[in-house]
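S.K.: Contents of model26.cif (mmCIF, C-alpha atoms):
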data_model
#
loop_
_atom_site.group_PDB
_atom_site.id
_atom_site.type_symbol
_atom_site.label_atom_id
_atom_site.label_comp_id
_atom_site.auth_asym_id
_atom_site.auth_seq_id
_atom_site.Cartn_x
_atom_site.Cartn_y
_atom_site.Cartn_z
ATOM 1 C CA MET R 1 -23.447 10.159 17.426
ATOM 2 C CA SER R 2 -20.168 8.289 17.753
ATOM 3 C CA ASP R 3 -20.763 5.432 15.325
ATOM 4 C CA GLY R 4 -21.084 5.502 11.558
ATOM 5 C CA LEU R 5 -24.551 5.979 10.175
ATOM 6 C CA ASP R 6 -26.115 2.726 8.978
ATOM 7 C CA ALA R 7 -27.889 4.244 6.008
ATOM 8 C CA LEU R 8 -28.285 4.116 2.264
ATOM 9 C CA PHE R 9 -26.977 7.183 0.441
ATOM 10 C CA ALA R 10 -28.247 8.179 -3.024
ATOM 11 C CA LEU R 11 -26.108 10.389 -5.232
ATOM 12 C CA THR R 12 -27.740 11.363 -8.541
ATOM 13 C CA GLY R 13 -26.174 12.415 -11.822
ATOM 14 C CA GLY R 14 -27.254 13.517 -15.290
ATOM 15 C CA SER R 15 -24.895 11.373 -17.389
ATOM 16 C CA PHE R 16 -22.388 8.569 -16.914
ATOM 17 C CA THR R 17 -19.255 7.456 -18.747
ATOM 18 C CA SER R 18 -16.723 4.731 -17.993
ATOM 19 C CA VAL R 19 -13.345 3.859 -19.470
ATOM 20 C CA GLU R 20 -11.029 1.075 -18.257
ATOM 21 C CA GLY R 21 -11.565 1.222 -14.499
ATOM 22 C CA ALA R 22 -12.587 4.866 -14.267
ATOM 23 C CA ILE R 23 -15.992 6.520 -14.106
ATOM 24 C CA THR R 24 -17.216 10.067 -14.655
ATOM 25 C CA VAL R 25 -20.663 11.245 -13.584
ATOM 26 C CA ARG R 26 -21.663 14.671 -14.878
ATOM 27 C CA GLY R 27 -24.524 16.778 -13.590
ATOM 28 C CA VAL R 28 -24.096 15.486 -10.049
ATOM 29 C CA ALA R 29 -26.661 16.924 -7.651
ATOM 30 C CA PRO R 30 -25.189 19.266 -5.042
ATOM 31 C CA LEU R 31 -26.872 17.269 -2.255
ATOM 32 C CA THR R 32 -26.653 13.567 -1.477
ATOM 33 C CA VAL R 33 -29.668 12.162 0.353
ATOM 34 C CA PHE R 34 -29.655 9.349 2.868
ATOM 35 C CA PHE R 35 -32.251 7.035 4.338
ATOM 36 C CA ALA R 36 -31.907 5.102 7.575
ATOM 37 C CA GLU R 37 -34.331 3.116 9.695
ATOM 38 C CA ARG R 38 -35.804 6.133 11.481
ATOM 39 C CA GLU R 39 -33.919 8.950 9.885
ATOM 40 C CA ALA R 40 -33.523 10.735 6.574
ATOM 41 C CA GLY R 41 -31.571 13.768 5.498
ATOM 42 C CA HIS R 42 -28.947 15.140 3.175
ATOM 43 C CA LEU R 43 -25.448 16.535 3.041
ATOM 44 C CA ALA R 44 -23.384 18.344 0.446
ATOM 45 C CA THR R 45 -22.191 15.893 -2.214
ATOM 46 C CA ALA R 46 -18.649 17.324 -2.154
ATOM 47 C CA ARG R 47 -18.491 16.761 1.619
ATOM 48 C CA PHE R 48 -19.934 13.261 1.277
ATOM 49 C CA VAL R 49 -17.240 12.286 -1.241
ATOM 50 C CA GLU R 50 -14.556 13.762 1.053
ATOM 51 C CA LEU R 51 -15.635 11.230 3.675
ATOM 52 C CA TRP R 52 -14.543 8.445 1.290
ATOM 53 C CA LYS R 53 -10.896 9.453 1.676
ATOM 54 C CA GLY R 54 -8.715 7.782 4.236
ATOM 55 C CA GLY R 55 -9.253 4.181 3.216
ATOM 56 C CA PHE R 56 -13.039 4.015 2.890
ATOM 57 C CA GLU R 57 -13.788 2.334 -0.427
ATOM 58 C CA PRO R 58 -17.554 2.092 -0.700
ATOM 59 C CA ARG R 59 -19.369 -0.630 -2.537
ATOM 60 C CA VAL R 60 -21.724 1.195 -4.883
ATOM 61 C CA VAL R 61 -24.680 0.068 -6.981
ATOM 62 C CA VAL R 62 -24.870 2.172 -10.125
ATOM 63 C CA SER R 63 -28.436 2.249 -11.441
ATOM 64 C CA PHE R 64 -29.286 3.724 -14.840
ATOM 65 C CA LEU R 65 -32.548 5.395 -15.822
ATOM 66 C CA ASP R 66 -32.196 4.520 -19.523
ATOM 67 C CA GLY R 67 -32.552 0.776 -18.920
ATOM 68 C CA ALA R 68 -28.905 -0.314 -18.815
ATOM 69 C CA PRO R 69 -28.491 -3.070 -16.210
ATOM 70 C CA ASP R 70 -27.282 -2.094 -12.757
ATOM 71 C CA ALA R 71 -23.624 -2.626 -11.921
ATOM 72 C CA VAL R 72 -21.833 -3.016 -8.596
ATOM 73 C CA VAL R 73 -18.441 -1.380 -8.153
ATOM 74 C CA VAL R 74 -15.963 -0.533 -5.430
ATOM 75 C CA VAL R 75 -15.071 3.153 -5.767
ATOM 76 C CA ARG R 76 -11.557 4.349 -5.052
ATOM 77 C CA GLU R 77 -9.983 7.777 -5.339
ATOM 78 C CA ALA R 78 -13.243 9.650 -5.867
ATOM 79 C CA SER R 79 -13.369 13.415 -6.247
ATOM 80 C CA VAL R 80 -15.950 16.063 -7.071
ATOM 81 C CA ASP R 81 -15.207 19.212 -9.018
ATOM 82 C CA GLY R 82 -18.309 21.353 -9.439
ATOM 83 C CA ASP R 83 -20.956 18.967 -10.741
ATOM 84 C CA VAL R 84 -18.525 16.283 -11.984
ATOM 85 C CA LEU R 85 -17.680 13.183 -9.957
ATOM 86 C CA GLU R 86 -14.707 11.102 -11.036
ATOM 87 C CA GLY R 87 -13.237 7.978 -9.535
ATOM 88 C CA THR R 88 -11.432 4.767 -10.178
ATOM 89 C CA VAL R 89 -13.514 1.637 -9.781
ATOM 90 C CA GLU R 90 -13.212 -2.095 -9.462
ATOM 91 C CA LEU R 91 -16.123 -3.893 -11.102
ATOM 92 C CA VAL R 92 -17.718 -6.418 -8.733
ATOM 93 C CA GLU R 93 -20.827 -7.401 -10.687
ATOM 94 C CA GLY R 94 -22.466 -6.508 -13.996
ATOM 95 C CA VAL R 95 -21.130 -4.397 -16.822
ATOM 96 C CA LEU R 96 -20.459 -0.666 -16.869
ATOM 97 C CA PRO R 97 -21.695 0.999 -20.051
ATOM 98 C CA ALA R 98 -19.266 3.256 -21.901
ATOM 99 C CA GLU R 99 -21.997 5.920 -21.882
ATOM 100 C CA ALA R 100 -25.376 6.265 -20.212
ATOM 101 C CA GLY R 101 -27.856 8.948 -19.281
ATOM 102 C CA PRO R 102 -29.149 9.783 -15.799
ATOM 103 C CA CYS R 103 -27.998 7.515 -13.002
ATOM 104 C CA VAL R 104 -28.091 7.016 -9.259
ATOM 105 C CA LEU R 105 -25.161 5.795 -7.208
ATOM 106 C CA PHE R 106 -26.445 3.930 -4.149
ATOM 107 C CA VAL R 107 -23.779 3.884 -1.444
ATOM 108 C CA ASP R 108 -24.182 1.664 1.608
ATOM 109 C CA ALA R 109 -23.314 2.678 5.176
ATOM 110 C CA LEU R 110 -20.270 4.729 6.070
ATOM 111 C CA ASP R 111 -17.877 3.248 8.594
ATOM 112 C CA GLN R 112 -16.988 6.504 10.306
ATOM 113 C CA PRO R 113 -18.765 9.117 12.412
ATOM 114 C CA LEU R 114 -20.745 11.707 10.490
ATOM 115 C CA GLU R 115 -20.993 14.357 13.176
ATOM 116 C CA PRO R 116 -20.453 17.262 12.871
ATOM 117 C CA VAL R 117 -21.032 16.699 9.132
ATOM 118 C CA LEU R 118 -24.770 16.162 9.612
ATOM 119 C CA ALA R 119 -25.490 19.301 11.549
ATOM 120 C CA PRO R 120 -29.026 20.717 11.470
ATOM 121 C CA PRO R 121 -30.814 21.270 9.160
ATOM 122 C CA ALA R 122 -29.100 18.605 7.029
ATOM 123 C CA ARG R 123 -30.221 15.912 9.439
ATOM 124 C CA LYS R 124 -33.899 15.196 9.878
ATOM 125 C CA ARG R 125 -35.415 12.783 12.368
ATOM 126 C CA ARG R 126 -38.718 11.015 11.909
ATOM 127 C CA ARG R 127 -40.586 9.248 14.655
#
For the file at hand, write its structure as structure tokens.
M.R.:
Amino acid sequence: MSDGLDALFALTGGSFTSVEGAITVRGVAPLTVFFAEREAGHLATARFVELWKGGFEPRVVVSFLDGAPDAVVVVREASVDGDVLEGTVELVEGVLPAEAGPCVLFVDALDQPLEPVLAPPARKRRR
């Protein structure tokens, strides 16, 4: 595969905090799942966040399980240390709560090749 994967990625976390343009997600799952038109799979969350470096600043919908409204952000300078994701963000739409419980970060397509990142068995094909 030489093009980026046109897919939706879902990165889950146990709790969320934000302070003045920065977010922290604790309890991040070790795997990030993705869904594409005829494909689904996963990759290590730490590796997925590494792909954001080099100028890729994903637009992310942050969705909260506890009923806080969704927010849309552009994530910059993201990093993962163990099960903690941190990054600077630019708010595009909505409001980021200072604190929230479980959340999902929905990341739209990557603009770079994913191979060899999605080597078997991380990549699954459905027909």
S.K.: Find the residue from R:Leu8, R:Val95, R:Val28, R:Ala36 that sits nearest to R:Asp70; use all atoms listed in the file when measuring.
M.R.: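 Distance minimum relative to R:Asp70 lands on R:Val95.
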S.K.: When you look at R:Asp108 with a cut-off of 7 Å (counting only C-alpha atoms), what residues show up, excluding the ones that are within fewer than 6 positions of it in the same chain? I need them as number ranges by chain.
M.R.: R: 7-9, 59-60
S.K.: What gap, in Å, lies between atom CA of R:Ala71 and atom CA of R:Gly14?
M.R.: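 About the pair atom CA of R:Ala71 and atom CA of R:Gly14: they are 16.9 Å apart.
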S.K.: Nearest to R:Ser79 among R:Lys53, R:Gly27, R:Thr17, R:Asp6, with distances taken over only C-alpha atoms: which residue is it?
M.R.: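 Answer, going by the shortest atom-to-atom distance: R:Lys53.
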S.K.: Could you work out how far atom CA of R:Leu105 lies from atom CA of R:Gly41, giving the answer in Å with one decimal?
M.R.: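 Here the two named atoms are 16.3 Å from each other.
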S.K.: If I put a ball of radius 12 Å at (-21.2, 7.9, -15.1) in the file's coordinates, which residues poke into it when counting only C-alpha atoms, written as a ChimeraX atom specification?
M.R.: /R:11-19,21-28,61-65,68,70-71,73,83-89,96-105
S.K.: Take the residues that were just selected and, keeping C-alpha atoms, output them as a PDB file, in the frame of the given file.
M.R.:
ATOM      1  CA  LEU R  11     -26.108  10.389  -5.232  1.00  0.00           C
ATOM      2  CA  THR R  12     -27.740  11.363  -8.541  1.00  0.00           C
ATOM      3  CA  GLY R  13     -26.174  12.415 -11.822  1.00  0.00           C
ATOM      4  CA  GLY R  14     -27.254  13.517 -15.290  1.00  0.00           C
ATOM      5  CA  SER R  15     -24.895  11.373 -17.389  1.00  0.00           C
ATOM      6  CA  PHE R  16     -22.388   8.569 -16.914  1.00  0.00           C
ATOM      7  CA  THR R  17     -19.255   7.456 -18.747  1.00  0.00           C
ATOM      8  CA  SER R  18     -16.723   4.731 -17.993  1.00  0.00           C
ATOM      9  CA  VAL R  19     -13.345   3.859 -19.470  1.00  0.00           C
ATOM     10  CA  GLY R  21     -11.565   1.222 -14.499  1.00  0.00           C
ATOM     11  CA  ALA R  22     -12.587   4.866 -14.267  1.00  0.00           C
ATOM     12  CA  ILE R  23     -15.992   6.520 -14.106  1.00  0.00           C
ATOM     13  CA  THR R  24     -17.216  10.067 -14.655  1.00  0.00           C
ATOM     14  CA  VAL R  25     -20.663  11.245 -13.584  1.00  0.00           C
ATOM     15  CA  ARG R  26     -21.663  14.671 -14.878  1.00  0.00           C
ATOM     16  CA  GLY R  27     -24.524  16.778 -13.590  1.00  0.00           C
ATOM     17  CA  VAL R  28     -24.096  15.486 -10.049  1.00  0.00           C
ATOM     18  CA  VAL R  61     -24.680   0.068  -6.981  1.00  0.00           C
ATOM     19  CA  VAL R  62     -24.870   2.172 -10.125  1.00  0.00           C
ATOM     20  CA  SER R  63     -28.436   2.249 -11.441  1.00  0.00           C
ATOM     21  CA  PHE R  64     -29.286   3.724 -14.840  1.00  0.00           C
ATOM     22  CA  LEU R  65     -32.548   5.395 -15.822  1.00  0.00           C
ATOM     23  CA  ALA R  68     -28.905  -0.314 -18.815  1.00  0.00           C
ATOM     24  CA  ASP R  70     -27.282  -2.094 -12.757  1.00  0.00           C
ATOM     25  CA  ALA R  71     -23.624  -2.626 -11.921  1.00  0.00           C
ATOM     26  CA  VAL R  73     -18.441  -1.380  -8.153  1.00  0.00           C
ATOM     27  CA  ASP R  83     -20.956  18.967 -10.741  1.00  0.00           C
ATOM     28  CA  VAL R  84     -18.525  16.283 -11.984  1.00  0.00           C
ATOM     29  CA  LEU R  85     -17.680  13.183  -9.957  1.00  0.00           C
ATOM     30  CA  GLU R  86     -14.707  11.102 -11.036  1.00  0.00           C
ATOM     31  CA  GLY R  87     -13.237   7.978  -9.535  1.00  0.00           C
ATOM     32  CA  THR R  88     -11.432   4.767 -10.178  1.00  0.00           C
ATOM     33  CA  VAL R  89     -13.514   1.637  -9.781  1.00  0.00           C
ATOM     34  CA  LEU R  96     -20.459  -0.666 -16.869  1.00  0.00           C
ATOM     35  CA  PRO R  97     -21.695   0.999 -20.051  1.00  0.00           C
ATOM     36  CA  ALA R  98     -19.266   3.256 -21.901  1.00  0.00           C
ATOM     37  CA  GLU R  99     -21.997   5.920 -21.882  1.00  0.00           C
ATOM     38  CA  ALA R 100     -25.376   6.265 -20.212  1.00  0.00           C
ATOM     39  CA  GLY R 101     -27.856   8.948 -19.281  1.00  0.00           C
ATOM     40  CA  PRO R 102     -29.149   9.783 -15.799  1.00  0.00           C
ATOM     41  CA  CYS R 103     -27.998   7.515 -13.002  1.00  0.00           C
ATOM     42  CA  VAL R 104     -28.091   7.016  -9.259  1.00  0.00           C
ATOM     43  CA  LEU R 105     -25.161   5.795  -7.208  1.00  0.00           C
TER      44      LEU R 105
END
S.K.: Report, in Å with one decimal, the straight-line distance from atom CA of R:Thr45 to atom CA of R:Ala29.
M.R.: 7.1 Å
S.K.: Which residue, R:Ala44, R:Arg76, R:Arg38, R:Gly82, has the smallest gap to R:Phe56 when you use all atoms listed in the file?
M.R.: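 For R:Phe56, the nearest of the given residues is R:Arg76.
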S.K.: Could you check the closest approach to R:Ala40 for each of R:Glu90, R:Phe106, R:Val72, R:Ala10 and tell me which residue wins, using all atoms listed in the file?
M.R.: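 So, comparing all the options, the nearest one is R:Ala10.
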S.K.: For stretch 81-88 of chain R, I'd like the enclosing box, axis-aligned and padded by 4 Å on every side, reported as JSON with centre and edge lengths in Å to one decimal.
M.R.:
{"center_x": -16.2, "center_y": 13.1, "center_z": -10.5, "size_x": 17.5, "size_y": 24.6, "size_z": 11.0}
S.K.: Pick out the closest residue to R:Pro58 from this set: R:Val92, R:Val75, R:Val80, R:Leu31. Count all atoms listed in the file.
M.R.: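 Going through R:Val92, R:Val75, R:Val80, R:Leu31 one by one, the smallest distance to R:Pro58 is for R:Val75.
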